>>> print(open('work14.csv').read())   # CSV, C-alpha atoms
chain,number,residue,atom,x,y,z
A,1037,MET,CA,0.0,0.0,0.0
A,1038,SER,CA,1.4,3.4,-1.0
A,1039,ALA,CA,1.7,6.3,1.4
A,1040,ARG,CA,-1.1,8.0,-0.4
A,1041,ASP,CA,-3.4,5.1,-0.1
A,1042,ASN,CA,-2.6,4.8,3.6
A,1043,ILE,CA,-3.4,8.4,4.3
A,1044,LEU,CA,-6.7,8.1,2.4
A,1045,ARG,CA,-7.6,4.9,4.3
A,1046,ARG,CA,-7.0,6.6,7.6
A,1047,LEU,CA,-9.0,9.6,6.6
A,1048,HIS,CA,-12.0,7.5,5.5
A,1049,SER,CA,-11.9,5.4,8.7
A,1050,ALA,CA,-11.6,8.4,11.0
A,1051,PRO,CA,-14.7,8.9,13.3
A,1052,GLN,CA,-17.1,11.4,11.9
A,1053,GLY,CA,-17.6,14.6,13.9
A,1054,LYS,CA,-20.7,16.5,14.4
A,1055,PRO,CA,-21.7,18.7,11.5
A,1056,VAL,CA,-20.8,22.4,12.0
A,1057,LEU,CA,-24.0,24.4,12.4
A,1058,PRO,CA,-24.2,27.8,10.7
A,1059,PRO,CA,-24.0,30.8,13.0
A,1060,ASP,CA,-27.3,32.3,14.2
A,1061,VAL,CA,-26.7,35.7,12.8
A,1062,ASN,CA,-30.3,36.9,13.3
A,1063,GLY,CA,-30.1,35.8,17.0
A,1064,PHE,CA,-26.7,37.5,17.5
A,1065,TYR,CA,-28.0,40.9,16.2
A,1066,ALA,CA,-31.2,40.5,18.1
A,1067,THR,CA,-29.2,40.2,21.3
A,1068,VAL,CA,-27.0,43.2,20.3
A,1069,ARG,CA,-30.1,45.3,19.7
A,1070,SER,CA,-31.7,44.4,23.0
A,1071,ARG,CA,-28.6,45.7,24.8
A,1072,ALA,CA,-28.2,48.8,22.8
A,1073,PRO,CA,-30.2,52.0,23.3
A,1074,THR,CA,-32.9,52.6,20.7
A,1075,GLU,CA,-32.0,55.4,18.2
A,1076,ASP,CA,-34.4,57.5,16.3
A,1077,ARG,CA,-33.7,58.9,12.8
A,1078,ALA,CA,-32.0,62.1,14.0
A,1079,GLN,CA,-29.7,60.1,16.3
A,1080,ARG,CA,-28.8,57.6,13.6
A,1081,ILE,CA,-28.0,60.5,11.2
A,1082,GLU,CA,-25.8,62.2,13.8
A,1083,ARG,CA,-23.9,59.0,14.6
A,1084,PHE,CA,-23.2,58.4,10.9
A,1085,CYS,CA,-21.9,62.0,10.6
A,1086,GLU,CA,-19.7,61.6,13.7
A,1087,LYS,CA,-18.2,58.3,12.5
A,1088,MET,CA,-17.6,59.6,8.9
A,1089,ALA,CA,-15.9,62.7,10.4
A,1090,PHE,CA,-13.7,60.3,12.5
A,1091,TRP,CA,-12.5,58.8,9.2
A,1092,ARG,CA,-11.9,62.3,7.8
A,1093,GLY,CA,-14.9,62.2,5.5
A,1094,GLU,CA,-16.8,65.4,5.0
A,1095,VAL,CA,-20.6,65.4,5.3
A,1096,VAL,CA,-22.7,68.2,3.8
A,1097,ARG,CA,-26.4,68.2,4.5
A,1098,VAL,CA,-28.5,69.0,1.4
A,1099,THR,CA,-32.1,68.7,0.3
A,1100,ARG,CA,-33.6,67.3,-2.9
A,1101,GLY,CA,-34.1,70.8,-4.1
A,1102,ASN,CA,-30.6,72.2,-3.5
A,1103,TRP,CA,-28.1,69.3,-3.7
A,1104,ALA,CA,-27.0,70.0,-7.3
A,1105,ALA,CA,-26.5,73.7,-6.5
A,1106,THR,CA,-24.5,72.8,-3.4
A,1107,LEU,CA,-22.4,70.4,-5.4
A,1108,GLN,CA,-21.7,73.2,-7.9
A,1109,ALA,CA,-20.5,75.5,-5.1
A,1110,LEU,CA,-18.3,72.7,-3.7
A,1111,CYS,CA,-16.7,72.2,-7.1
A,1112,VAL,CA,-15.9,75.9,-7.3
A,1113,SER,CA,-14.5,76.0,-3.8
A,1114,LYS,CA,-12.4,72.9,-4.3
A,1115,GLN,CA,-11.2,74.0,-7.8
A,1116,VAL,CA,-12.7,71.1,-9.6
A,1117,ASN,CA,-12.5,71.6,-13.3
A,1118,THR,CA,-13.6,68.1,-14.4
A,1119,LEU,CA,-16.3,66.1,-12.7
A,1120,LEU,CA,-16.9,62.5,-13.7
A,1121,TYR,CA,-20.5,61.1,-13.6
A,1122,GLY,CA,-22.6,58.3,-14.9
A,1123,THR,CA,-24.9,59.2,-17.7
A,1124,GLN,CA,-27.4,56.5,-16.6
A,1125,SER,CA,-27.5,57.7,-13.0
A,1126,PRO,CA,-31.0,58.8,-11.7
A,1127,TYR,CA,-29.3,62.1,-10.9
A,1128,ALA,CA,-27.7,62.7,-14.3
A,1129,ALA,CA,-30.4,65.0,-15.5
A,1130,ALA,CA,-30.1,67.2,-12.4
A,1131,LEU,CA,-26.3,67.3,-12.8
A,1132,GLU,CA,-26.5,68.3,-16.5
A,1133,ALA,CA,-29.0,71.1,-15.7
A,1134,SER,CA,-27.0,72.4,-12.7
A,1135,GLY,CA,-24.5,74.5,-14.6
A,1136,ILE,CA,-21.5,72.6,-13.1
A,1137,LYS,CA,-18.6,73.2,-15.4
A,1138,GLY,CA,-16.4,70.4,-16.7
A,1139,LEU,CA,-18.9,67.6,-16.4
A,1140,LYS,CA,-17.4,64.5,-17.9
A,1141,PRO,CA,-19.6,61.5,-18.7
A,1142,TYR,CA,-18.2,58.0,-18.1
A,1143,ASP,CA,-19.3,56.8,-21.5
A,1144,ARG,CA,-16.6,54.4,-22.8
A,1145,PRO,CA,-14.5,51.4,-21.7
A,1146,VAL,CA,-11.6,52.3,-19.5
A,1147,ASP,CA,-9.0,51.0,-22.0
A,1148,GLU,CA,-10.0,53.7,-24.5
A,1149,TRP,CA,-9.2,56.6,-22.2
A,1150,LYS,CA,-7.1,55.3,-19.3
A,1151,THR,CA,-4.5,58.1,-19.5
A,1152,GLY,CA,-7.2,60.8,-19.4
A,1153,LEU,CA,-9.1,59.1,-16.6
A,1154,PHE,CA,-6.0,59.0,-14.4
A,1155,ARG,CA,-4.5,62.4,-15.3
A,1156,ASP,CA,-7.3,64.8,-16.2
A,1157,ILE,CA,-10.2,64.0,-13.8
A,1158,ASP,CA,-10.4,66.1,-10.7
A,1159,ALA,CA,-13.4,64.5,-9.0
A,1160,GLY,CA,-16.0,61.8,-9.4
A,1161,PHE,CA,-19.7,61.8,-8.5
A,1162,THR,CA,-21.6,58.6,-7.6
A,1163,SER,CA,-24.9,57.7,-6.0
A,1164,THR,CA,-25.0,55.3,-3.1
A,1165,ARG,CA,-27.2,52.4,-2.0
A,1166,GLY,CA,-27.1,53.4,1.7
A,1167,GLY,CA,-25.0,54.1,4.7
A,1168,ILE,CA,-24.0,52.4,8.0
A,1169,ALA,CA,-24.3,54.5,11.2
A,1170,GLU,CA,-22.2,52.0,13.3
A,1171,THR,CA,-19.1,52.6,11.2
A,1172,GLY,CA,-19.7,55.8,9.2
A,1173,THR,CA,-19.7,53.8,5.9
A,1174,LEU,CA,-21.1,54.3,2.5
A,1175,ILE,CA,-22.6,51.4,0.5
A,1176,VAL,CA,-21.9,51.7,-3.2
A,1177,TRP,CA,-23.0,49.1,-5.8
A,1178,PRO,CA,-21.0,49.7,-9.0
A,1179,ASP,CA,-22.3,48.7,-12.4
A,1180,ALA,CA,-21.4,49.2,-16.1
A,1181,HIS,CA,-22.7,52.8,-16.0
A,1182,GLN,CA,-21.2,53.7,-12.6
A,1183,PRO,CA,-18.0,51.5,-12.4
A,1184,ARG,CA,-15.8,51.2,-9.4
A,1185,LEU,CA,-13.2,53.4,-10.9
A,1186,MET,CA,-15.5,56.4,-10.5
A,1187,SER,CA,-15.1,56.3,-6.7
A,1188,LEU,CA,-11.5,54.9,-6.8
A,1189,VAL,CA,-9.5,57.0,-9.2
A,1190,PRO,CA,-10.4,60.7,-9.0
A,1191,PRO,CA,-8.7,62.7,-6.2
A,1192,ILE,CA,-12.1,63.8,-4.8
A,1193,HIS,CA,-15.1,61.6,-4.5
A,1194,PHE,CA,-18.6,63.2,-4.1
A,1195,ALA,CA,-21.2,60.7,-3.0
A,1196,LEU,CA,-25.0,61.4,-2.7
A,1197,LEU,CA,-26.6,59.5,0.2
A,1198,ASP,CA,-30.3,59.5,1.1
A,1199,ALA,CA,-30.7,59.7,4.9
A,1200,ASP,CA,-33.6,57.4,4.6
A,1201,GLN,CA,-31.1,54.6,3.7
A,1202,ILE,CA,-28.9,55.0,6.7
A,1203,HIS,CA,-29.0,51.7,8.7
A,1204,ASP,CA,-27.6,50.9,12.1
A,1205,THR,CA,-25.3,48.1,11.0
A,1206,LEU,CA,-24.3,46.3,7.8
A,1207,PHE,CA,-26.5,43.4,8.7
A,1208,ASP,CA,-29.5,45.7,9.0
A,1209,ALA,CA,-28.7,47.2,5.6
A,1210,MET,CA,-28.4,43.7,4.0
A,1211,SER,CA,-31.6,42.6,5.6
A,1212,ALA,CA,-33.7,45.7,4.8
A,1213,GLN,CA,-32.4,45.9,1.2
A,1214,GLY,CA,-32.8,42.2,0.5
A,1215,TRP,CA,-29.2,41.5,-0.6
A,1216,SER,CA,-29.9,37.7,-0.7
A,1217,ASP,CA,-32.9,38.1,-3.0
A,1218,PRO,CA,-32.0,36.2,-6.2
A,1219,SER,CA,-34.2,38.5,-8.3
A,1220,SER,CA,-31.9,41.4,-7.4
A,1221,PRO,CA,-28.3,40.0,-7.8
A,1222,MET,CA,-25.4,41.7,-6.1
A,1223,PRO,CA,-22.7,43.3,-8.3
A,1224,SER,CA,-19.3,41.8,-8.6
A,1225,ASN,CA,-18.0,44.5,-6.3
A,1226,ALA,CA,-20.1,45.8,-3.3
A,1227,LEU,CA,-18.1,48.7,-2.0
A,1228,LEU,CA,-18.0,49.8,1.6
A,1229,ILE,CA,-16.4,53.2,1.9
A,1230,SER,CA,-15.4,54.9,5.1
A,1231,GLY,CA,-13.6,58.2,4.5
A,1232,PRO,CA,-10.9,58.9,1.9
A,1233,SER,CA,-8.4,56.2,0.9
A,1234,LYS,CA,-6.0,55.2,3.7
A,1235,THR,CA,-3.2,52.7,4.4
A,1236,ALA,CA,-1.0,51.7,7.3
A,1237,ASP,CA,1.5,49.6,5.2
A,1238,ILE,CA,4.5,51.8,6.1
A,1239,GLN,CA,5.6,51.4,9.7
A,1240,ILE,CA,2.0,50.8,10.7
A,1241,THR,CA,1.3,54.5,10.4
A,1242,LEU,CA,-2.1,55.4,9.1
A,1243,ALA,CA,-1.8,57.6,6.0
A,1244,TYR,CA,-4.6,59.1,4.0
A,1245,GLY,CA,-4.9,59.6,0.3
A,1246,ALA,CA,-2.3,56.9,-0.5
A,1247,HIS,CA,-4.0,55.0,-3.3
A,1248,GLY,CA,-7.3,56.6,-4.1
A,1249,PRO,CA,-9.3,59.7,-3.3
A,1250,LYS,CA,-7.7,62.2,-1.0
A,1251,GLU,CA,-11.2,63.6,-0.1
A,1252,LEU,CA,-14.6,62.1,0.4
A,1253,VAL,CA,-17.5,64.5,0.4
A,1254,VAL,CA,-20.9,63.0,1.3
A,1255,LEU,CA,-23.9,65.0,0.2
A,1256,LEU,CA,-26.5,63.8,2.7
A,1257,LEU,CA,-30.1,64.2,1.5
A,1258,VAL,CA,-32.2,65.2,4.5
A,1259,ASN,CA,-35.5,67.0,5.0
A,1260,GLU,CA,-35.7,70.8,5.3
A,1261,GLU,CA,-36.1,70.7,9.0
A,1262,GLU,CA,-33.0,68.5,9.4
A,1263,LEU,CA,-30.5,71.0,7.8
>>> encode(input="work14.csv", output="structure tokens")
Amino acid sequence: MSARDNILRRLHSAPQGKPVLPPDVNGFYATVRSRAPTEDRAQRIERFCEKMAFWRGEVVRVTRGNWAATLQALCVSKQVNTLLYGTQSPYAAALEASGIKGLKPYDRPVDEWKTGLFRDIDAGFTSTRGGIAETGTLIVWPDAHQPRLMSLVPPIHFALLDADQIHDTLFDAMSAQGWSDPSSPMPSNALLISGPSKTADIQITLAYGAHGPKELVVLLLVNEEEL
């Protein structure tokens, strides 16, 4: 009998252990919620803003009526000359009517304009799927019309977040939005973004803006009374 056969024989004859049960994720978070104070909408928004600020992200409260004008003013103040956006975004029409100078549509494969994308774009604008109050995190689902590069390559990332879609935890967001629903498949990349890019590769020292946006500006859509 060869060594291989001997190893396989011993593996097949080994006593079978008990099957590993999947973790009770719902039960875990139910326990966490029972021990945590209940937050209302205003408190959840405030916690998200505090956590985002901790990661050096900037949050600007806007309304559905003024977000495009606010973005225009931010582009002027930050000297943004070219703003990348997705033409199929639900906010594309508002952007195009806003008067923002230097709007650049993401309308071709990256291989056709890689040099211009990396050298000539000052900022990118994306929508978001939601936010996580626990960690101050944005949820972004890229697709062919709003690819991951839009939030990864430009030095400044502007992201529009609806305050109605801020959830306590990632688990709450996944549950409320039905991420496991086969009729709404997840993208190849589900992005979780907390502040501008950062790394601690060098001497375990946290550095910002090392391999992506140096600034993250969240335009937080709220009601008039929440400004």
>>> residues_around(input="work14.csv", residues="Gly1101 of chain A", least_positions_apart="4", cutoff="10 Å", atoms="only C-alpha atoms", output="PyMOL selection string")
chain A and resi 1105-1106+1130+1257+1259-1260
>>> atom_distance(input="work14.csv", atom1="atom CA of Gln1201 of chain A", atom2="atom CA of Gly1245 of chain A")
26.9 Å
>>> residues_around(input="work14.csv", residues="segment 1062-1075 of chain A", least_positions_apart="3", cutoff="12 Å", atoms="all atoms listed in the file", output="list of chain:residue names")
A:Pro1058, A:Pro1059, A:Ala1078, A:Gln1079, A:Arg1080, A:Ile1081, A:Glu1082, A:Arg1083, A:Phe1084, A:Ala1169, A:Glu1170, A:Ile1202, A:His1203, A:Asp1204, A:Thr1205, A:Leu1206, A:Phe1207, A:Asp1208, A:Met1210, A:Ser1211
>>> residues_near_point(input="work14.csv", point="(-19.4, 51.7, -23.7)", cutoff="12 Å", atoms="only C-alpha atoms", output="PyMOL selection string")
chain A and resi 1122-1124+1141-1149+1180-1183
>>> atom_distance(input="work14.csv", atom1="atom CA of Trp1177 of chain A", atom2="atom CA of Leu1196 of chain A")
12.8 Å
>>> closest_residue(input="work14.csv", among="A:Met1088, A:Ile1192, A:Val1254, A:Ala1243", to="Thr1171 of chain A", atoms="all atoms listed in the file")
A:Met1088
>>> atom_distance(input="work14.csv", atom1="atom CA of Ala1109 of chain A", atom2="atom CA of Pro1178 of chain A")
26.1 Å
>>> closest_residue(input="work14.csv", among="A:Ala1199, A:Ile1240, A:Leu1057, A:Met1222", to="Val1098 of chain A", atoms="only C-alpha atoms")
A:Ala1199
>>> closest_residue(input="work14.csv", among="A:Met1186, A:Ile1157, A:Ile1175, A:Ala1195", to="Val1116 of chain A", atoms="all atoms listed in the file")
A:Ile1157
>>> residues_around(input="work14.csv", residues="Lys1140 of chain A", least_positions_apart="4", cutoff="8 Å", atoms="all atoms listed in the file", output="tab-separated table (two decimals) with C-alpha atoms, in the coordinates of the input")
chain	number	residue	atom	x	y	z
A	1118	THR	CA	-13.60	68.10	-14.40
A	1119	LEU	CA	-16.30	66.10	-12.70
A	1120	LEU	CA	-16.90	62.50	-13.70
A	1121	TYR	CA	-20.50	61.10	-13.60
>>> closest_residue(input="work14.csv", among="A:Ser1049, A:Ser1220, A:Lys1250, A:Glu1261", to="Lys1234 of chain A", atoms="all atoms listed in the file")
A:Lys1250
>>> closest_residue(input="work14.csv", among="A:Gly1166, A:Pro1232, A:Gly1214, A:Gly1172", to="Val1189 of chain A", atoms="all atoms listed in the file")
A:Pro1232
